[in-house]
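S.K.: My file is model23.cif. It has mmCIF, C-alpha atoms and all ligand atoms; chains and numbers go by the auth columns:
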```
data_coords
loop_
_atom_site.group_PDB
_atom_site.id
_atom_site.type_symbol
_atom_site.label_atom_id
_atom_site.label_comp_id
_atom_site.label_asym_id
_atom_site.label_seq_id
_atom_site.Cartn_x
_atom_site.Cartn_y
_atom_site.Cartn_z
_atom_site.B_iso_or_equiv
_atom_site.auth_seq_id
_atom_site.auth_asym_id
ATOM 1 C CA MET A 1 0.000 0.000 0.000 0.00 1 V
ATOM 2 C CA PRO A 2 1.429 3.431 -0.891 0.00 2 V
ATOM 3 C CA CYS A 3 2.572 5.557 2.018 0.00 3 V
ATOM 4 C CA LYS A 4 0.071 8.331 1.107 0.00 4 V
ATOM 5 C CA THR A 5 -2.880 5.926 1.277 0.00 5 V
ATOM 6 C CA ILE A 6 -1.746 4.653 4.683 0.00 6 V
ATOM 7 C CA LYS A 7 -1.538 8.243 5.936 0.00 7 V
ATOM 8 C CA ILE A 8 -5.065 8.996 4.660 0.00 8 V
ATOM 9 C CA LEU A 9 -6.401 5.809 6.276 0.00 9 V
ATOM 10 C CA MET A 10 -4.696 6.720 9.579 0.00 10 V
ATOM 11 C CA LEU A 11 -6.223 10.200 9.430 0.00 11 V
ATOM 12 C CA LEU A 12 -9.677 8.743 8.759 0.00 12 V
ATOM 13 C CA LEU A 13 -9.275 6.348 11.679 0.00 13 V
ATOM 14 C CA ILE A 14 -8.317 9.216 14.002 0.00 14 V
ATOM 15 C CA LEU A 15 -11.333 11.242 12.839 0.00 15 V
ATOM 16 C CA ILE A 16 -13.670 8.279 13.471 0.00 16 V
ATOM 17 C CA ILE A 17 -12.216 7.716 16.967 0.00 17 V
ATOM 18 C CA LEU A 18 -12.540 11.438 17.779 0.00 18 V
ATOM 19 C CA SER A 19 -16.162 11.479 16.621 0.00 19 V
ATOM 20 C CA ILE A 20 -16.998 8.399 18.767 0.00 20 V
ATOM 21 C CA CYS A 21 -15.282 10.023 21.779 0.00 21 V
ATOM 22 C CA GLU A 22 -17.305 13.191 21.280 0.00 22 V
ATOM 23 C CA ARG A 23 -20.566 11.262 21.137 0.00 23 V
ATOM 24 C CA THR A 24 -19.844 9.188 24.250 0.00 24 V
ATOM 25 C CA GLN A 25 -18.442 12.061 26.299 0.00 25 V
ATOM 26 C CA ALA A 26 -20.576 12.935 29.302 0.00 26 V
ATOM 27 C CA GLU A 27 -22.556 16.031 28.495 0.00 27 V
ATOM 28 C CA THR A 28 -23.909 18.363 31.119 0.00 28 V
ATOM 29 C CA ILE A 29 -25.698 21.682 31.174 0.00 29 V
ATOM 30 C CA LEU A 30 -25.113 24.066 34.033 0.00 30 V
ATOM 31 C CA LEU A 31 -28.587 25.271 35.020 0.00 31 V
ATOM 32 C CA ASP A 32 -27.698 27.293 38.070 0.00 32 V
ATOM 33 C CA ASP A 33 -24.598 28.251 40.061 0.00 33 V
ATOM 34 C CA PHE A 34 -26.282 30.664 42.544 0.00 34 V
ATOM 35 C CA GLU A 35 -23.917 33.475 41.583 0.00 35 V
ATOM 36 C CA GLY A 36 -24.627 37.204 41.860 0.00 36 V
ATOM 37 C CA ALA A 37 -27.091 38.931 44.164 0.00 37 V
ATOM 38 C CA ILE A 38 -29.291 36.708 46.339 0.00 38 V
ATOM 39 C CA THR A 39 -32.452 38.660 47.097 0.00 39 V
ATOM 40 C CA GLY A 40 -36.122 38.056 47.837 0.00 40 V
ATOM 41 C CA GLY A 41 -39.401 39.677 46.823 0.00 41 V
ATOM 42 C CA VAL A 42 -41.067 40.095 43.437 0.00 42 V
ATOM 43 C CA GLU A 43 -37.904 41.585 41.929 0.00 43 V
ATOM 44 C CA GLY A 44 -35.740 39.053 43.780 0.00 44 V
ATOM 45 C CA THR A 45 -33.385 36.380 42.515 0.00 45 V
ATOM 46 C CA VAL A 46 -34.720 33.614 44.766 0.00 46 V
ATOM 47 C CA ASP A 47 -38.378 32.687 45.202 0.00 47 V
ATOM 48 C CA PHE A 48 -38.701 31.585 48.830 0.00 48 V
ATOM 49 C CA GLY A 49 -41.102 31.557 51.699 0.00 49 V
ATOM 50 C CA ALA A 50 -42.632 29.495 54.485 0.00 50 V
ATOM 51 C CA GLY A 51 -45.920 28.979 56.303 0.00 51 V
ATOM 52 C CA ASN A 52 -47.752 27.314 59.193 0.00 52 V
ATOM 53 C CA GLY A 53 -45.025 28.301 61.653 0.00 53 V
ATOM 54 C CA SER A 54 -41.920 27.395 59.644 0.00 54 V
ATOM 55 C CA SER A 55 -39.487 30.038 58.461 0.00 55 V
ATOM 56 C CA VAL A 56 -36.653 30.227 55.971 0.00 56 V
ATOM 57 C CA ALA A 57 -34.052 32.783 54.905 0.00 57 V
ATOM 58 C CA VAL A 58 -31.490 32.735 52.111 0.00 58 V
ATOM 59 C CA CYS A 59 -28.185 34.452 51.434 0.00 59 V
ATOM 60 C CA ALA A 60 -25.003 33.946 49.430 0.00 60 V
ATOM 61 C CA SER A 61 -22.074 32.171 51.069 0.00 61 V
ATOM 62 C CA SER A 62 -18.627 33.007 49.762 0.00 62 V
ATOM 63 C CA ASP A 63 -16.722 30.970 52.366 0.00 63 V
ATOM 64 C CA ILE A 64 -18.553 27.661 51.947 0.00 64 V
ATOM 65 C CA LYS A 65 -18.946 27.143 48.200 0.00 65 V
ATOM 66 C CA GLN A 66 -18.426 24.368 45.686 0.00 66 V
ATOM 67 C CA SER A 67 -18.365 26.226 42.392 0.00 67 V
ATOM 68 C CA GLY A 68 -17.863 29.828 41.288 0.00 68 V
ATOM 69 C CA ASN A 69 -17.715 32.589 43.900 0.00 69 V
ATOM 70 C CA GLN A 70 -20.553 31.535 46.159 0.00 70 V
ATOM 71 C CA SER A 71 -23.220 29.014 47.095 0.00 71 V
ATOM 72 C CA LEU A 72 -26.817 29.413 48.232 0.00 72 V
ATOM 73 C CA LYS A 73 -27.083 29.297 52.022 0.00 73 V
ATOM 74 C CA ILE A 74 -30.468 28.358 53.468 0.00 74 V
ATOM 75 C CA THR A 75 -31.214 29.046 57.127 0.00 75 V
ATOM 76 C CA TYR A 76 -34.334 27.162 58.183 0.00 76 V
ATOM 77 C CA GLN A 77 -36.655 26.599 61.071 0.00 77 V
ATOM 78 C CA ALA A 78 -39.035 23.814 60.179 0.00 78 V
ATOM 79 C CA VAL A 79 -41.938 22.914 62.472 0.00 79 V
ATOM 80 C CA GLU A 80 -44.444 20.028 62.439 0.00 80 V
ATOM 81 C CA GLY A 81 -47.177 20.871 59.910 0.00 81 V
ATOM 82 C CA GLY A 82 -45.180 23.765 58.473 0.00 82 V
ATOM 83 C CA TYR A 83 -43.851 24.174 54.970 0.00 83 V
ATOM 84 C CA MET A 84 -41.184 26.128 53.102 0.00 84 V
ATOM 85 C CA TRP A 85 -39.763 26.508 49.651 0.00 85 V
ATOM 86 C CA VAL A 86 -36.623 27.967 48.102 0.00 86 V
ATOM 87 C CA ALA A 87 -37.035 28.000 44.337 0.00 87 V
ATOM 88 C CA ARG A 88 -35.178 29.047 41.209 0.00 88 V
ATOM 89 C CA GLY A 89 -36.359 28.890 37.629 0.00 89 V
ATOM 90 C CA PHE A 90 -39.136 30.268 35.470 0.00 90 V
ATOM 91 C CA GLN A 91 -42.799 31.207 36.016 0.00 91 V
ATOM 92 C CA LEU A 92 -42.137 31.972 39.679 0.00 92 V
ATOM 93 C CA ASP A 93 -43.300 35.052 41.619 0.00 93 V
ATOM 94 C CA ALA A 94 -39.684 36.249 41.876 0.00 94 V
ATOM 95 C CA LYS A 95 -39.012 37.561 38.384 0.00 95 V
ATOM 96 C CA ASN A 96 -35.216 37.333 38.502 0.00 96 V
ATOM 97 C CA ALA A 97 -34.854 33.832 39.942 0.00 97 V
ATOM 98 C CA VAL A 98 -34.102 32.486 36.469 0.00 98 V
ATOM 99 C CA TRP A 99 -31.636 29.746 35.547 0.00 99 V
ATOM 100 C CA LEU A 100 -28.592 30.352 33.344 0.00 100 V
ATOM 101 C CA VAL A 101 -30.364 28.562 30.460 0.00 101 V
ATOM 102 C CA LYS A 102 -33.911 28.963 29.147 0.00 102 V
ATOM 103 C CA PRO A 103 -35.892 25.676 29.498 0.00 103 V
ATOM 104 C CA GLU A 104 -37.195 25.745 25.910 0.00 104 V
ATOM 105 C CA THR A 105 -33.658 25.829 24.479 0.00 105 V
ATOM 106 C CA ILE A 106 -32.649 22.557 26.184 0.00 106 V
ATOM 107 C CA HIS A 107 -32.872 19.172 24.436 0.00 107 V
ATOM 108 C CA TRP A 108 -34.366 17.478 27.493 0.00 108 V
ATOM 109 C CA GLU A 109 -34.465 14.033 25.871 0.00 109 V
ATOM 110 C CA LYS A 110 -30.649 13.957 25.974 0.00 110 V
ATOM 111 C CA PHE A 111 -30.549 14.036 29.767 0.00 111 V
ATOM 112 C CA LYS A 112 -31.299 11.352 32.316 0.00 112 V
ATOM 113 C CA GLY A 113 -31.524 13.529 35.390 0.00 113 V
ATOM 114 C CA ILE A 114 -30.458 16.543 37.360 0.00 114 V
ATOM 115 C CA SER A 115 -27.684 16.948 39.918 0.00 115 V
ATOM 116 C CA PHE A 116 -26.737 19.473 42.554 0.00 116 V
ATOM 117 C CA TYR A 117 -24.173 19.869 45.313 0.00 117 V
ATOM 118 C CA MET A 118 -25.334 19.888 48.906 0.00 118 V
ATOM 119 C CA TYR A 119 -23.168 20.786 51.880 0.00 119 V
ATOM 120 C CA GLY A 120 -24.283 18.381 54.553 0.00 120 V
ATOM 121 C CA MET A 121 -24.259 19.034 58.296 0.00 121 V
ATOM 122 C CA ASN A 122 -25.125 15.475 59.339 0.00 122 V
ATOM 123 C CA SER A 123 -28.300 16.911 60.898 0.00 123 V
ATOM 124 C CA LEU A 124 -30.293 13.841 59.753 0.00 124 V
ATOM 125 C CA VAL A 125 -33.089 16.066 58.423 0.00 125 V
ATOM 126 C CA ASP A 126 -34.913 14.967 55.287 0.00 126 V
ATOM 127 C CA VAL A 127 -34.704 17.425 52.434 0.00 127 V
ATOM 128 C CA ALA A 128 -36.958 17.481 49.376 0.00 128 V
ATOM 129 C CA PHE A 129 -35.633 18.509 45.989 0.00 129 V
ATOM 130 C CA ASP A 130 -38.700 19.249 43.885 0.00 130 V
ATOM 131 C CA ILE A 131 -38.943 19.964 40.177 0.00 131 V
ATOM 132 C CA LYS A 132 -41.938 21.578 38.464 0.00 132 V
ATOM 133 C CA ASP A 133 -42.810 20.170 35.040 0.00 133 V
ATOM 134 C CA ASN A 134 -44.298 21.868 31.992 0.00 134 V
ATOM 135 C CA GLY A 135 -47.835 21.243 33.262 0.00 135 V
ATOM 136 C CA GLY A 136 -47.066 22.757 36.664 0.00 136 V
ATOM 137 C CA GLU A 137 -46.981 19.307 38.290 0.00 137 V
ATOM 138 C CA ILE A 138 -44.469 18.983 41.128 0.00 138 V
ATOM 139 C CA TRP A 139 -42.167 15.962 41.378 0.00 139 V
ATOM 140 C CA ARG A 140 -40.097 15.103 44.417 0.00 140 V
ATOM 141 C CA TYR A 141 -36.733 13.525 45.210 0.00 141 V
ATOM 142 C CA LYS A 142 -35.802 13.047 48.869 0.00 142 V
ATOM 143 C CA ILE A 143 -32.346 13.112 50.430 0.00 143 V
ATOM 144 C CA THR A 144 -31.277 12.814 54.064 0.00 144 V
ATOM 145 C CA ASP A 145 -28.604 15.125 55.438 0.00 145 V
ATOM 146 C CA GLU A 146 -26.456 12.276 56.758 0.00 146 V
ATOM 147 C CA PHE A 147 -23.060 13.464 55.593 0.00 147 V
ATOM 148 C CA THR A 148 -20.655 16.320 56.245 0.00 148 V
ATOM 149 C CA GLY A 149 -19.311 18.661 53.590 0.00 149 V
ATOM 150 C CA TRP A 150 -20.012 18.842 49.890 0.00 150 V
ATOM 151 C CA ARG A 151 -21.623 15.916 48.108 0.00 151 V
ATOM 152 C CA LYS A 152 -22.928 15.687 44.560 0.00 152 V
ATOM 153 C CA ILE A 153 -26.504 14.418 44.579 0.00 153 V
ATOM 154 C CA THR A 154 -27.648 12.957 41.257 0.00 154 V
ATOM 155 C CA CYS A 155 -31.398 12.507 40.798 0.00 155 V
ATOM 156 C CA TYR A 156 -32.477 10.487 37.763 0.00 156 V
ATOM 157 C CA TRP A 157 -35.898 11.265 36.290 0.00 157 V
ATOM 158 C CA ASP A 158 -37.283 7.819 37.225 0.00 158 V
ATOM 159 C CA GLU A 159 -36.364 8.427 40.882 0.00 159 V
ATOM 160 C CA PHE A 160 -38.749 11.380 41.180 0.00 160 V
ATOM 161 C CA PHE A 161 -42.339 10.800 42.282 0.00 161 V
ATOM 162 C CA ALA A 162 -45.311 13.112 41.768 0.00 162 V
ATOM 163 C CA ARG A 163 -46.092 14.787 45.079 0.00 163 V
ATOM 164 C CA ASN A 164 -49.287 13.406 46.576 0.00 164 V
ATOM 165 C CA ASP A 165 -49.400 15.727 49.614 0.00 165 V
ATOM 166 C CA TRP A 166 -49.830 18.905 47.588 0.00 166 V
ATOM 167 C CA GLN A 167 -49.949 20.163 44.017 0.00 167 V
ATOM 168 C CA PRO A 168 -50.679 23.679 42.715 0.00 168 V
ATOM 169 C CA ASP A 169 -54.394 24.207 41.893 0.00 169 V
ATOM 170 C CA ASN A 170 -53.622 24.904 38.248 0.00 170 V
ATOM 171 C CA ALA A 171 -51.284 21.915 37.789 0.00 171 V
ATOM 172 C CA ASN A 172 -52.062 19.318 35.143 0.00 172 V
ATOM 173 C CA LYS A 173 -51.789 16.299 37.458 0.00 173 V
ATOM 174 C CA ASN A 174 -51.247 13.721 34.721 0.00 174 V
ATOM 175 C CA ARG A 175 -48.477 11.761 36.507 0.00 175 V
ATOM 176 C CA ILE A 176 -46.221 12.251 33.487 0.00 176 V
ATOM 177 C CA LEU A 177 -42.971 14.183 33.848 0.00 177 V
ATOM 178 C CA ASP A 178 -43.579 16.742 31.105 0.00 178 V
ATOM 179 C CA PHE A 179 -40.572 18.596 29.710 0.00 179 V
ATOM 180 C CA PRO A 180 -39.383 21.290 29.658 0.00 180 V
ATOM 181 C CA LEU A 181 -39.067 21.606 33.413 0.00 181 V
ATOM 182 C CA LYS A 182 -39.732 25.126 34.691 0.00 182 V
ATOM 183 C CA SER A 183 -38.190 25.350 38.159 0.00 183 V
ATOM 184 C CA PHE A 184 -36.742 23.488 41.123 0.00 184 V
ATOM 185 C CA GLN A 185 -37.071 24.044 44.848 0.00 185 V
ATOM 186 C CA PHE A 186 -35.637 22.856 48.137 0.00 186 V
ATOM 187 C CA GLU A 187 -37.652 22.148 51.284 0.00 187 V
ATOM 188 C CA VAL A 188 -36.565 20.858 54.686 0.00 188 V
ATOM 189 C CA LEU A 189 -39.150 18.284 55.759 0.00 189 V
ATOM 190 C CA THR A 190 -38.060 17.336 59.279 0.00 190 V
ATOM 191 C CA PRO A 191 -38.900 19.636 62.222 0.00 191 V
ATOM 192 C CA ALA A 192 -35.521 21.166 63.081 0.00 192 V
ATOM 193 C CA GLU A 193 -33.496 24.317 62.692 0.00 193 V
ATOM 194 C CA GLY A 194 -30.180 24.738 60.984 0.00 194 V
ATOM 195 C CA VAL A 195 -28.403 25.691 57.798 0.00 195 V
ATOM 196 C CA LEU A 196 -27.744 23.987 54.473 0.00 196 V
ATOM 197 C CA TYR A 197 -25.786 25.060 51.423 0.00 197 V
ATOM 198 C CA PHE A 198 -26.474 24.237 47.800 0.00 198 V
ATOM 199 C CA ASP A 199 -24.459 24.878 44.651 0.00 199 V
ATOM 200 C CA ARG A 200 -24.052 23.970 40.995 0.00 200 V
ATOM 201 C CA VAL A 201 -27.251 22.477 39.576 0.00 201 V
ATOM 202 C CA GLU A 202 -26.698 20.577 36.336 0.00 202 V
ATOM 203 C CA LEU A 203 -28.498 18.346 33.908 0.00 203 V
ATOM 204 C CA VAL A 204 -26.708 14.999 33.594 0.00 204 V
ATOM 205 C CA ASP A 205 -26.751 12.327 30.924 0.00 205 V
HETATM 206 CA CA CA B . -21.763 28.844 42.855 0.00 1 E
HETATM 207 CA CA CA B . -47.088 16.296 34.279 0.00 2 E
#
```
Written as structure tokens, that's how I'd like the structure from this file.
Ligand SMILES: [Ca+2]
Ligand SMILES: [Ca+2]

M.R.:
Amino acid sequence: MPCKTIKILMLLLILIILSICERTQAETILLDDFEGAITGGVEGTVDFGAGNGSSVAVCASSDIKQSGNQSLKITYQAVEGGYMWVARGFQLDAKNAVWLVKPETIHWEKFKGISFYMYGMNSLVDVAFDIKDNGGEIWRYKITDEFTGWRKITCYWDEFFARNDWQPDNANKNRILDFPLKSFQFEVLTPAEGVLYFDRVELVD
């Protein structure tokens, strides 16, 4: 075989290998890194609140962070029968709580789940990570704060369950996870008080 042909064949082989590598490479989309101002209210960057005796406050933490300049620090007081939410995304009351990426520009079928970093305090409280689907239906993933320091929590779509304790009045409760998702929120479920930190929310394949 002429030397030139061998070179062309080698080049083709390299191109094929590179293209396979590209296709199999783990792809992620950074949805939220909790950077910039952390504020509440209608013009705020975080949609949060509490009721029935629970309370929650949020701020940026620049000392305990996993990614970028800061994380989201949640200070909570959860009581029996109370509720709270700390949400980011679209179609929320807080107009500036938006993700880094618009939901309709994401190819959701490429992703198998969503991940975030949680800074555990080993408080043993249960924490809900909820996602709101395109029909307004809320799906839940539960984690227990049984570790210390940062941990990446990966939640695959089939590990979420439609909340049966509460759904928004206008939600289409069809028990189908309808994409695009519109927002996510954190809620401490166990009566307790303390702090938690969250950072870097990504879609994972
Ligand atoms: Ca960050
Ligand atoms: Ca649905």

S.K.: Could you spell out the hits of the PyMOL selection byres (((chain V and resi 188) around 9) and not hetatm) on the shown file, as a PDB file with C-alpha atoms, in the coordinates of the input?

M.R.:
```
ATOM      1  CA  TYR V  76     -34.334  27.162  58.183  1.00  0.00           C
ATOM      2  CA  GLN V  77     -36.655  26.599  61.071  1.00  0.00           C
ATOM      3  CA  ALA V  78     -39.035  23.814  60.179  1.00  0.00           C
ATOM      4  CA  TYR V  83     -43.851  24.174  54.970  1.00  0.00           C
ATOM      5  CA  MET V  84     -41.184  26.128  53.102  1.00  0.00           C
ATOM      6  CA  TRP V  85     -39.763  26.508  49.651  1.00  0.00           C
ATOM      7  CA  VAL V 125     -33.089  16.066  58.423  1.00  0.00           C
ATOM      8  CA  ASP V 126     -34.913  14.967  55.287  1.00  0.00           C
ATOM      9  CA  VAL V 127     -34.704  17.425  52.434  1.00  0.00           C
ATOM     10  CA  ALA V 128     -36.958  17.481  49.376  1.00  0.00           C
ATOM     11  CA  PHE V 186     -35.637  22.856  48.137  1.00  0.00           C
ATOM     12  CA  GLU V 187     -37.652  22.148  51.284  1.00  0.00           C
ATOM     13  CA  LEU V 189     -39.150  18.284  55.759  1.00  0.00           C
ATOM     14  CA  THR V 190     -38.060  17.336  59.279  1.00  0.00           C
ATOM     15  CA  PRO V 191     -38.900  19.636  62.222  1.00  0.00           C
ATOM     16  CA  ALA V 192     -35.521  21.166  63.081  1.00  0.00           C
TER      17      ALA V 192
END
```

S.K.: So that I can see what lies close to Gly136 in chain V, please list as a PDB file with C-alpha atoms, in the frame of the given file the residues with an atom at most 12 Å from it, counting all atoms listed in the file and leaving out residues fewer than 4 positions away in the same chain.

M.R.:
```
ATOM      1  CA  PHE V  90     -39.136  30.268  35.470  1.00  0.00           C
ATOM      2  CA  GLN V  91     -42.799  31.207  36.016  1.00  0.00           C
ATOM      3  CA  LEU V  92     -42.137  31.972  39.679  1.00  0.00           C
ATOM      4  CA  ASP V 130     -38.700  19.249  43.885  1.00  0.00           C
ATOM      5  CA  ILE V 131     -38.943  19.964  40.177  1.00  0.00           C
ATOM      6  CA  LYS V 132     -41.938  21.578  38.464  1.00  0.00           C
ATOM      7  CA  ALA V 162     -45.311  13.112  41.768  1.00  0.00           C
ATOM      8  CA  ARG V 163     -46.092  14.787  45.079  1.00  0.00           C
ATOM      9  CA  TRP V 166     -49.830  18.905  47.588  1.00  0.00           C
ATOM     10  CA  GLN V 167     -49.949  20.163  44.017  1.00  0.00           C
ATOM     11  CA  PRO V 168     -50.679  23.679  42.715  1.00  0.00           C
ATOM     12  CA  ASP V 169     -54.394  24.207  41.893  1.00  0.00           C
ATOM     13  CA  ASN V 170     -53.622  24.904  38.248  1.00  0.00           C
ATOM     14  CA  ALA V 171     -51.284  21.915  37.789  1.00  0.00           C
ATOM     15  CA  ASN V 172     -52.062  19.318  35.143  1.00  0.00           C
ATOM     16  CA  LYS V 173     -51.789  16.299  37.458  1.00  0.00           C
ATOM     17  CA  ASN V 174     -51.247  13.721  34.721  1.00  0.00           C
ATOM     18  CA  ARG V 175     -48.477  11.761  36.507  1.00  0.00           C
ATOM     19  CA  ILE V 176     -46.221  12.251  33.487  1.00  0.00           C
ATOM     20  CA  LEU V 177     -42.971  14.183  33.848  1.00  0.00           C
ATOM     21  CA  ASP V 178     -43.579  16.742  31.105  1.00  0.00           C
ATOM     22  CA  PHE V 179     -40.572  18.596  29.710  1.00  0.00           C
ATOM     23  CA  PRO V 180     -39.383  21.290  29.658  1.00  0.00           C
ATOM     24  CA  LEU V 181     -39.067  21.606  33.413  1.00  0.00           C
ATOM     25  CA  LYS V 182     -39.732  25.126  34.691  1.00  0.00           C
ATOM     26  CA  SER V 183     -38.190  25.350  38.159  1.00  0.00           C
ATOM     27  CA  PHE V 184     -36.742  23.488  41.123  1.00  0.00           C
TER      28      PHE V 184
END
```

S.K.: Taking a cut-off of 10 Å and counting only C-alpha atoms and all ligand atoms, can you build a table that, for each residue of chain V near ligand CA 1 (chain E), reports the nearest atom pair and how far apart they are in Å (one decimal), sorted by chain then residue number, as a tab-separated table?

M.R.:
```
residue	atom	partner	partner_atom	distance
V:Asp32	CA	E:CA1	CA	7.8
V:Asp33	CA	E:CA1	CA	4.0
V:Phe34	CA	E:CA1	CA	4.9
V:Glu35	CA	E:CA1	CA	5.3
V:Gly36	CA	E:CA1	CA	8.9
V:Ala60	CA	E:CA1	CA	8.9
V:Ser61	CA	E:CA1	CA	8.9
V:Ser62	CA	E:CA1	CA	8.7
V:Ile64	CA	E:CA1	CA	9.7
V:Lys65	CA	E:CA1	CA	6.3
V:Gln66	CA	E:CA1	CA	6.3
V:Ser67	CA	E:CA1	CA	4.3
V:Gly68	CA	E:CA1	CA	4.3
V:Asn69	CA	E:CA1	CA	5.6
V:Gln70	CA	E:CA1	CA	4.4
V:Ser71	CA	E:CA1	CA	4.5
V:Leu72	CA	E:CA1	CA	7.4
V:Tyr117	CA	E:CA1	CA	9.6
V:Phe198	CA	E:CA1	CA	8.2
V:Asp199	CA	E:CA1	CA	5.1
V:Arg200	CA	E:CA1	CA	5.7
V:Val201	CA	E:CA1	CA	9.0
```

S.K.: Expressed in Å to a single decimal, how great is the separation between CA of Gly49 in chain V and CA of Ala87 in chain V?

M.R.: 9.1 Å

S.K.: Tell me which of V:Glu159, V:Asp133, V:Asp145, V:Glu80 sits closest to ligand CA 2 (chain E), counting all atoms listed in the file.

M.R.: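 Nearest to ligand CA 2 (chain E): V:Asp133.
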
S.K.: Using only C-alpha atoms, find the one residue out of V:Ile106, V:Ala97, V:Val79, V:Val86 that sits nearest to Asn52 in chain V.

M.R.: V:Val79

S.K.: Can you list what the PyMOL selection byres (((chain V and resi 119) around 6) and not hetatm) grabs from this structure, as a list in words?

M.R.: Met118, Gly120, Gly149, Trp150 and Tyr197 of chain V

S.K.: Would you mind telling me which residue in V:Glu193, V:Asp205, V:Asp63, V:Asp93 lies nearest to Val46 in chain V when using only C-alpha atoms?

M.R.: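 Checking each of V:Glu193, V:Asp205, V:Asp63, V:Asp93 against Val46 in chain V, counting only C-alpha atoms, the winner is V:Asp93.
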
S.K.: Determine the residue membership of the PyMOL selection byres (((chain V and resi 195) around 7) and not hetatm) for the file above and supply it as a PyMOL selection string.

M.R.: chain V and resi 73-76+194+196-197

S.K.: Separation of CA of Val42 in chain V and CA of Lys95 in chain V, in Å?

M.R.: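 Between CA of Val42 in chain V and CA of Lys95 in chain V the gap is 6.0 Å.
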
S.K.: Between V:Cys155, V:Phe161, V:Gly89, V:Asn134, single out the one closest to ligand CA 2 (chain E), counting all atoms listed in the file.

M.R.: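 Answer, going by the shortest atom-to-atom distance: V:Asn134.
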
S.K.: Check the smallest atom-to-atom distance from each of V:Val98, V:Ile138, V:Ile143, V:Val204 to ligand CA 2 (chain E) using only C-alpha atoms and all ligand atoms, then report the winner.

M.R.: V:Ile138

S.K.: Ranking V:Glu202, V:Trp139, V:Phe129, V:Arg151 by minimum distance to ligand CA 2 (chain E) and counting all atoms listed in the file, which one comes first?

M.R.: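 Smallest distance to ligand CA 2 (chain E) is found for V:Trp139.
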
S.K.: Would you compute the distance between CA of Ser55 in chain V and CA of Asn96 in chain V? Give it in Å to one decimal.

M.R.: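 So the two atoms, CA of Ser55 in chain V and CA of Asn96 in chain V, lie 21.7 Å apart.
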